[in-house]
Amino acid sequence: PPTLPNISFFVKRKHTQIQKKLNTTTHTNKQIKMDQLRSFKRFTGLEEKPEPTFSEQMDECCSLSLKTRVIGFAICAGIGFIMSALSCFFIANILLGDPVPFAILYTLGNVTMLFSSAFLMGPVRQLKGMFDKSRIFATLIFIASMAMTLVSAFVFKLAILVLLFLIIQLLALIWYTLSYIPGGRFVAKKIVGGLVEA
């Protein structure tokens, strides 16, 4: 015959199993009620939606198809290239003391070509890439040199300053672009180092 301790152990184990089932059932019933309430709120429009972040808002506004992105990139890059090419016709104006036309066309051409990639990457990803720790130095110099190019042309009206900041602008853009090419900066350093030693 079963002893008293064995009976006590059996009763306790059964009680524990029943309690677990009750807890599971209670939790399941609560979950079902929560799901039903959530479905009701969603159906009636009473569900509170979390406020989208700035990145999500930008991505939603710019959720273009691949074809549209490629077309936008091509048009934007093409306009930038044309503006930069047209600026070459006004290089002589710098020496004549009128740097404004060249500065405007060249700078706006660079800006347009730079941001043409935002159509492919998306504006948020483009900005994150520009201000990545490997590019932030080149990005800040590029932006500052563009601003100073226009200031030198419109405010100071000094051809030498315009030419100086245009060179800085070009070098910053090249250094920025090389960051997207694997080993690009390393090769550039080697080439410049070889030219300096020569």
# chains A, B, ... in the order shown; residues from 1 in each chain; ligands from 1
$ select_by_dssp --residues "segment 59-95 of chain A" --states "alpha helix (DSSP H)" --output "VMD selection string"
chain A and resid 59 to 61 66 to 87 91 to 95
$ write_last_selection --atoms "N, CA and C atoms" --output "mmCIF file, in the first residue's frame"
data_model
loop_
_atom_site.group_PDB
_atom_site.id
_atom_site.type_symbol
_atom_site.label_atom_id
_atom_site.label_comp_id
_atom_site.auth_asym_id
_atom_site.auth_seq_id
_atom_site.Cartn_x
_atom_site.Cartn_y
_atom_site.Cartn_z
ATOM 1 N N ASP A 59 11.836 58.538 -45.421
ATOM 2 C CA ASP A 59 11.800 57.352 -46.274
ATOM 3 C C ASP A 59 10.412 57.151 -46.881
ATOM 4 N N GLU A 60 9.370 57.467 -46.085
ATOM 5 C CA GLU A 60 8.007 57.310 -46.593
ATOM 6 C C GLU A 60 7.723 58.321 -47.694
ATOM 7 N N CYS A 61 8.210 59.556 -47.502
ATOM 8 C CA CYS A 61 7.991 60.587 -48.515
ATOM 9 C C CYS A 61 8.773 60.284 -49.790
ATOM 10 N N LEU A 66 12.227 51.876 -58.176
ATOM 11 C CA LEU A 66 13.614 51.829 -58.647
ATOM 12 C C LEU A 66 13.763 52.595 -59.960
ATOM 13 N N LYS A 67 12.800 52.439 -60.846
ATOM 14 C CA LYS A 67 12.848 53.132 -62.135
ATOM 15 C C LYS A 67 12.840 54.647 -61.947
ATOM 16 N N THR A 68 11.974 55.130 -61.048
ATOM 17 C CA THR A 68 11.900 56.568 -60.781
ATOM 18 C C THR A 68 13.188 57.074 -60.160
ATOM 19 N N ARG A 69 13.770 56.260 -59.266
ATOM 20 C CA ARG A 69 15.031 56.656 -58.629
ATOM 21 C C ARG A 69 16.153 56.776 -59.654
ATOM 22 N N VAL A 70 16.231 55.813 -60.561
ATOM 23 C CA VAL A 70 17.283 55.841 -61.585
ATOM 24 C C VAL A 70 17.102 57.036 -62.508
ATOM 25 N N ILE A 71 15.844 57.310 -62.894
ATOM 26 C CA ILE A 71 15.569 58.464 -63.758
ATOM 27 C C ILE A 71 15.937 59.766 -63.039
ATOM 28 N N GLY A 72 15.536 59.866 -61.771
ATOM 29 C CA GLY A 72 15.868 61.065 -60.993
ATOM 30 C C GLY A 72 17.362 61.258 -60.856
ATOM 31 N N PHE A 73 18.081 60.146 -60.608
ATOM 32 C CA PHE A 73 19.537 60.211 -60.506
ATOM 33 C C PHE A 73 20.160 60.682 -61.820
ATOM 34 N N ALA A 74 19.699 60.112 -62.933
ATOM 35 C CA ALA A 74 20.265 60.457 -64.238
ATOM 36 C C ALA A 74 20.013 61.926 -64.582
ATOM 37 N N ILE A 75 18.797 62.400 -64.325
ATOM 38 C CA ILE A 75 18.466 63.787 -64.633
ATOM 39 C C ILE A 75 19.277 64.737 -63.758
ATOM 40 N N CYS A 76 19.314 64.452 -62.458
ATOM 41 C CA CYS A 76 20.021 65.319 -61.512
ATOM 42 C C CYS A 76 21.524 65.343 -61.819
ATOM 43 N N ALA A 77 22.107 64.165 -62.050
ATOM 44 C CA ALA A 77 23.536 64.097 -62.364
ATOM 45 C C ALA A 77 23.827 64.772 -63.695
ATOM 46 N N GLY A 78 22.920 64.611 -64.655
ATOM 47 C CA GLY A 78 23.105 65.245 -65.963
ATOM 48 C C GLY A 78 23.081 66.760 -65.873
ATOM 49 N N ILE A 79 22.138 67.301 -65.098
ATOM 50 C CA ILE A 79 22.061 68.754 -64.910
ATOM 51 C C ILE A 79 23.324 69.266 -64.232
ATOM 52 N N GLY A 80 23.779 68.533 -63.210
ATOM 53 C CA GLY A 80 25.003 68.937 -62.511
ATOM 54 C C GLY A 80 26.206 68.935 -63.425
ATOM 55 N N PHE A 81 26.312 67.907 -64.262
ATOM 56 C CA PHE A 81 27.438 67.823 -65.203
ATOM 57 C C PHE A 81 27.388 68.967 -66.219
ATOM 58 N N ILE A 82 26.201 69.270 -66.722
ATOM 59 C CA ILE A 82 26.056 70.361 -67.703
ATOM 60 C C ILE A 82 26.429 71.695 -67.083
ATOM 61 N N MET A 83 25.985 71.930 -65.847
ATOM 62 C CA MET A 83 26.307 73.194 -65.165
ATOM 63 C C MET A 83 27.807 73.319 -64.941
ATOM 64 N N SER A 84 28.433 72.224 -64.522
ATOM 65 C CA SER A 84 29.888 72.255 -64.309
ATOM 66 C C SER A 84 30.630 72.464 -65.629
ATOM 67 N N ALA A 85 30.126 71.857 -66.717
ATOM 68 C CA ALA A 85 30.758 72.024 -68.022
ATOM 69 C C ALA A 85 30.601 73.449 -68.536
ATOM 70 N N LEU A 86 29.408 74.015 -68.326
ATOM 71 C CA LEU A 86 29.178 75.400 -68.767
ATOM 72 C C LEU A 86 30.048 76.394 -68.009
ATOM 73 N N SER A 87 30.389 76.045 -66.763
ATOM 74 C CA SER A 87 31.220 76.963 -65.976
ATOM 75 C C SER A 87 32.595 77.157 -66.610
ATOM 76 N N ILE A 91 35.748 80.662 -67.153
ATOM 77 C CA ILE A 91 37.019 80.666 -66.419
ATOM 78 C C ILE A 91 37.777 81.962 -66.649
ATOM 79 N N ALA A 92 37.753 82.436 -67.885
ATOM 80 C CA ALA A 92 38.469 83.675 -68.208
ATOM 81 C C ALA A 92 37.917 84.868 -67.441
ATOM 82 N N ASN A 93 36.628 84.799 -67.074
ATOM 83 C CA ASN A 93 36.016 85.906 -66.329
ATOM 84 C C ASN A 93 36.658 86.108 -64.962
ATOM 85 N N ILE A 94 37.214 85.014 -64.415
ATOM 86 C CA ILE A 94 37.875 85.150 -63.107
ATOM 87 C C ILE A 94 39.057 86.088 -63.213
ATOM 88 N N LEU A 95 39.843 85.918 -64.267
ATOM 89 C CA LEU A 95 41.007 86.775 -64.471
ATOM 90 C C LEU A 95 40.606 88.208 -64.813
#
$ residues_around --residues "segment 173-190 of chain A" --least-positions-apart "6" --cutoff "7 Å" --atoms "only C-alpha atoms" --output "list in words"
Arg135, Ala138, Thr139 and Phe142 of chain A
$ write_last_selection --atoms "C-alpha atoms" --output "short mmCIF file (atom, residue, chain, number, x, y, z; two decimals), in the first residue's frame"
data_model
loop_
_atom_site.label_atom_id
_atom_site.label_comp_id
_atom_site.auth_asym_id
_atom_site.auth_seq_id
_atom_site.Cartn_x
_atom_site.Cartn_y
_atom_site.Cartn_z
CA ARG A 135 33.84 61.15 -44.71
CA ALA A 138 35.86 65.86 -46.41
CA THR A 139 32.14 66.68 -46.22
CA PHE A 142 33.47 70.60 -49.12
#
$ atom_distance --atom1 "atom CA of Ala159 of chain A" --atom2 "atom CA of Leu114 of chain A"
24.8 Å
$ atom_distance --atom1 "atom CA of Leu150 of chain A" --atom2 "atom CA of Asp132 of chain A"
25.8 Å
$ closest_residue --among "A:Val196, A:Met130, A:Met146, A:Cys88" --to "Leu170 of chain A" --atoms "only C-alpha atoms"
A:Met146
$ decode --residues "segment 126-140 of chain A" --atoms "all heavy atoms" --output "mmCIF file, in the first residue's frame"
data_model
loop_
_atom_site.group_PDB
_atom_site.id
_atom_site.type_symbol
_atom_site.label_atom_id
_atom_site.label_comp_id
_atom_site.auth_asym_id
_atom_site.auth_seq_id
_atom_site.Cartn_x
_atom_site.Cartn_y
_atom_site.Cartn_z
ATOM 1 N N GLN A 126 21.822 58.924 -47.515
ATOM 2 C CA GLN A 126 22.825 59.794 -48.131
ATOM 3 C C GLN A 126 23.485 60.681 -47.083
ATOM 4 O O GLN A 126 24.715 60.808 -47.033
ATOM 5 C CB GLN A 126 22.153 60.662 -49.208
ATOM 6 C CG GLN A 126 23.010 61.792 -49.758
ATOM 7 C CD GLN A 126 24.044 61.308 -50.752
ATOM 8 O OE1 GLN A 126 24.008 60.156 -51.184
ATOM 9 N NE2 GLN A 126 24.954 62.175 -51.124
ATOM 10 N N LEU A 127 22.668 61.299 -46.225
ATOM 11 C CA LEU A 127 23.214 62.172 -45.184
ATOM 12 C C LEU A 127 24.048 61.383 -44.174
ATOM 13 O O LEU A 127 25.089 61.859 -43.719
ATOM 14 C CB LEU A 127 22.068 62.903 -44.474
ATOM 15 C CG LEU A 127 21.350 63.971 -45.304
ATOM 16 C CD1 LEU A 127 20.150 64.523 -44.545
ATOM 17 C CD2 LEU A 127 22.303 65.097 -45.682
ATOM 18 N N LYS A 128 23.584 60.174 -43.827
ATOM 19 C CA LYS A 128 24.360 59.342 -42.909
ATOM 20 C C LYS A 128 25.710 58.987 -43.524
ATOM 21 O O LYS A 128 26.732 58.960 -42.834
ATOM 22 C CB LYS A 128 23.583 58.069 -42.570
ATOM 23 C CG LYS A 128 22.422 58.279 -41.613
ATOM 24 C CD LYS A 128 21.730 56.963 -41.303
ATOM 25 C CE LYS A 128 20.590 57.162 -40.315
ATOM 26 N NZ LYS A 128 19.881 55.880 -40.018
ATOM 27 N N GLY A 129 25.704 58.700 -44.827
ATOM 28 C CA GLY A 129 26.951 58.381 -45.506
ATOM 29 C C GLY A 129 27.889 59.571 -45.568
ATOM 30 O O GLY A 129 29.102 59.440 -45.389
ATOM 31 N N MET A 130 27.321 60.755 -45.812
ATOM 32 C CA MET A 130 28.140 61.958 -45.904
ATOM 33 C C MET A 130 28.806 62.287 -44.574
ATOM 34 O O MET A 130 29.947 62.762 -44.552
ATOM 35 C CB MET A 130 27.280 63.149 -46.363
ATOM 36 C CG MET A 130 26.848 63.092 -47.811
ATOM 37 S SD MET A 130 25.750 64.460 -48.248
ATOM 38 C CE MET A 130 26.841 65.865 -47.979
ATOM 39 N N PHE A 131 28.078 62.043 -43.481
ATOM 40 C CA PHE A 131 28.611 62.399 -42.171
ATOM 41 C C PHE A 131 29.133 61.187 -41.407
ATOM 42 O O PHE A 131 29.258 61.226 -40.185
ATOM 43 C CB PHE A 131 27.539 63.136 -41.359
ATOM 44 C CG PHE A 131 27.257 64.521 -41.885
ATOM 45 C CD1 PHE A 131 26.201 64.734 -42.759
ATOM 46 C CD2 PHE A 131 28.067 65.584 -41.538
ATOM 47 C CE1 PHE A 131 25.950 65.991 -43.266
ATOM 48 C CE2 PHE A 131 27.818 66.857 -42.034
ATOM 49 C CZ PHE A 131 26.761 67.064 -42.904
ATOM 50 N N ASP A 132 29.440 60.129 -42.149
ATOM 51 C CA ASP A 132 30.135 58.994 -41.561
ATOM 52 C C ASP A 132 31.532 59.444 -41.128
ATOM 53 O O ASP A 132 32.104 60.387 -41.692
ATOM 54 C CB ASP A 132 30.230 57.863 -42.588
ATOM 55 C CG ASP A 132 30.897 56.629 -42.014
ATOM 56 O OD1 ASP A 132 30.231 55.910 -41.258
ATOM 57 O OD2 ASP A 132 32.084 56.397 -42.330
ATOM 58 N N LYS A 133 32.078 58.774 -40.114
ATOM 59 C CA LYS A 133 33.362 59.213 -39.559
ATOM 60 C C LYS A 133 34.492 59.185 -40.585
ATOM 61 O O LYS A 133 35.468 59.925 -40.460
ATOM 62 C CB LYS A 133 33.740 58.360 -38.350
ATOM 63 C CG LYS A 133 33.939 56.885 -38.661
ATOM 64 C CD LYS A 133 34.321 56.127 -37.401
ATOM 65 C CE LYS A 133 34.572 54.649 -37.690
ATOM 66 N NZ LYS A 133 34.955 53.906 -36.463
ATOM 67 N N SER A 134 34.339 58.368 -41.638
ATOM 68 C CA SER A 134 35.379 58.299 -42.670
ATOM 69 C C SER A 134 35.237 59.411 -43.710
ATOM 70 O O SER A 134 36.153 59.635 -44.503
ATOM 71 C CB SER A 134 35.322 56.938 -43.378
ATOM 72 O OG SER A 134 34.082 56.771 -44.039
ATOM 73 N N ARG A 135 34.085 60.123 -43.694
ATOM 74 C CA ARG A 135 33.845 61.152 -44.708
ATOM 75 C C ARG A 135 33.517 62.514 -44.137
ATOM 76 O O ARG A 135 33.436 63.486 -44.881
ATOM 77 C CB ARG A 135 32.687 60.718 -45.622
ATOM 78 C CG ARG A 135 32.906 59.402 -46.318
ATOM 79 C CD ARG A 135 31.780 59.075 -47.283
ATOM 80 N NE ARG A 135 31.930 57.714 -47.779
ATOM 81 C CZ ARG A 135 31.310 56.669 -47.261
ATOM 82 N NH1 ARG A 135 30.482 56.840 -46.244
ATOM 83 N NH2 ARG A 135 31.505 55.471 -47.758
ATOM 84 N N ILE A 136 33.286 62.590 -42.829
ATOM 85 C CA ILE A 136 32.812 63.849 -42.258
ATOM 86 C C ILE A 136 33.800 64.993 -42.472
ATOM 87 O O ILE A 136 33.413 66.132 -42.722
ATOM 88 C CB ILE A 136 32.485 63.678 -40.749
ATOM 89 C CG1 ILE A 136 31.818 64.943 -40.218
ATOM 90 C CG2 ILE A 136 33.743 63.316 -39.952
ATOM 91 C CD1 ILE A 136 31.243 64.767 -38.830
ATOM 92 N N PHE A 137 35.098 64.681 -42.411
ATOM 93 C CA PHE A 137 36.118 65.713 -42.605
ATOM 94 C C PHE A 137 36.022 66.290 -44.018
ATOM 95 O O PHE A 137 35.992 67.509 -44.208
ATOM 96 C CB PHE A 137 37.504 65.117 -42.354
ATOM 97 C CG PHE A 137 38.634 66.107 -42.450
ATOM 98 C CD1 PHE A 137 38.781 67.118 -41.516
ATOM 99 C CD2 PHE A 137 39.550 66.043 -43.499
ATOM 100 C CE1 PHE A 137 39.812 68.047 -41.615
ATOM 101 C CE2 PHE A 137 40.578 66.958 -43.600
ATOM 102 C CZ PHE A 137 40.712 67.958 -42.659
ATOM 103 N N ALA A 138 35.964 65.406 -45.023
ATOM 104 C CA ALA A 138 35.858 65.857 -46.413
ATOM 105 C C ALA A 138 34.531 66.570 -46.660
ATOM 106 O O ALA A 138 34.474 67.569 -47.393
ATOM 107 C CB ALA A 138 36.001 64.674 -47.364
ATOM 108 N N THR A 139 33.459 66.073 -46.035
ATOM 109 C CA THR A 139 32.137 66.685 -46.216
ATOM 110 C C THR A 139 32.102 68.110 -45.684
ATOM 111 O O THR A 139 31.614 69.025 -46.357
ATOM 112 C CB THR A 139 31.060 65.840 -45.505
ATOM 113 O OG1 THR A 139 31.034 64.530 -46.082
ATOM 114 C CG2 THR A 139 29.697 66.471 -45.652
ATOM 115 N N LEU A 140 32.622 68.305 -44.476
ATOM 116 C CA LEU A 140 32.604 69.639 -43.869
ATOM 117 C C LEU A 140 33.465 70.616 -44.666
ATOM 118 O O LEU A 140 33.080 71.774 -44.866
ATOM 119 C CB LEU A 140 33.081 69.550 -42.418
ATOM 120 C CG LEU A 140 32.148 68.804 -41.450
ATOM 121 C CD1 LEU A 140 32.761 68.724 -40.062
ATOM 122 C CD2 LEU A 140 30.787 69.478 -41.394
#
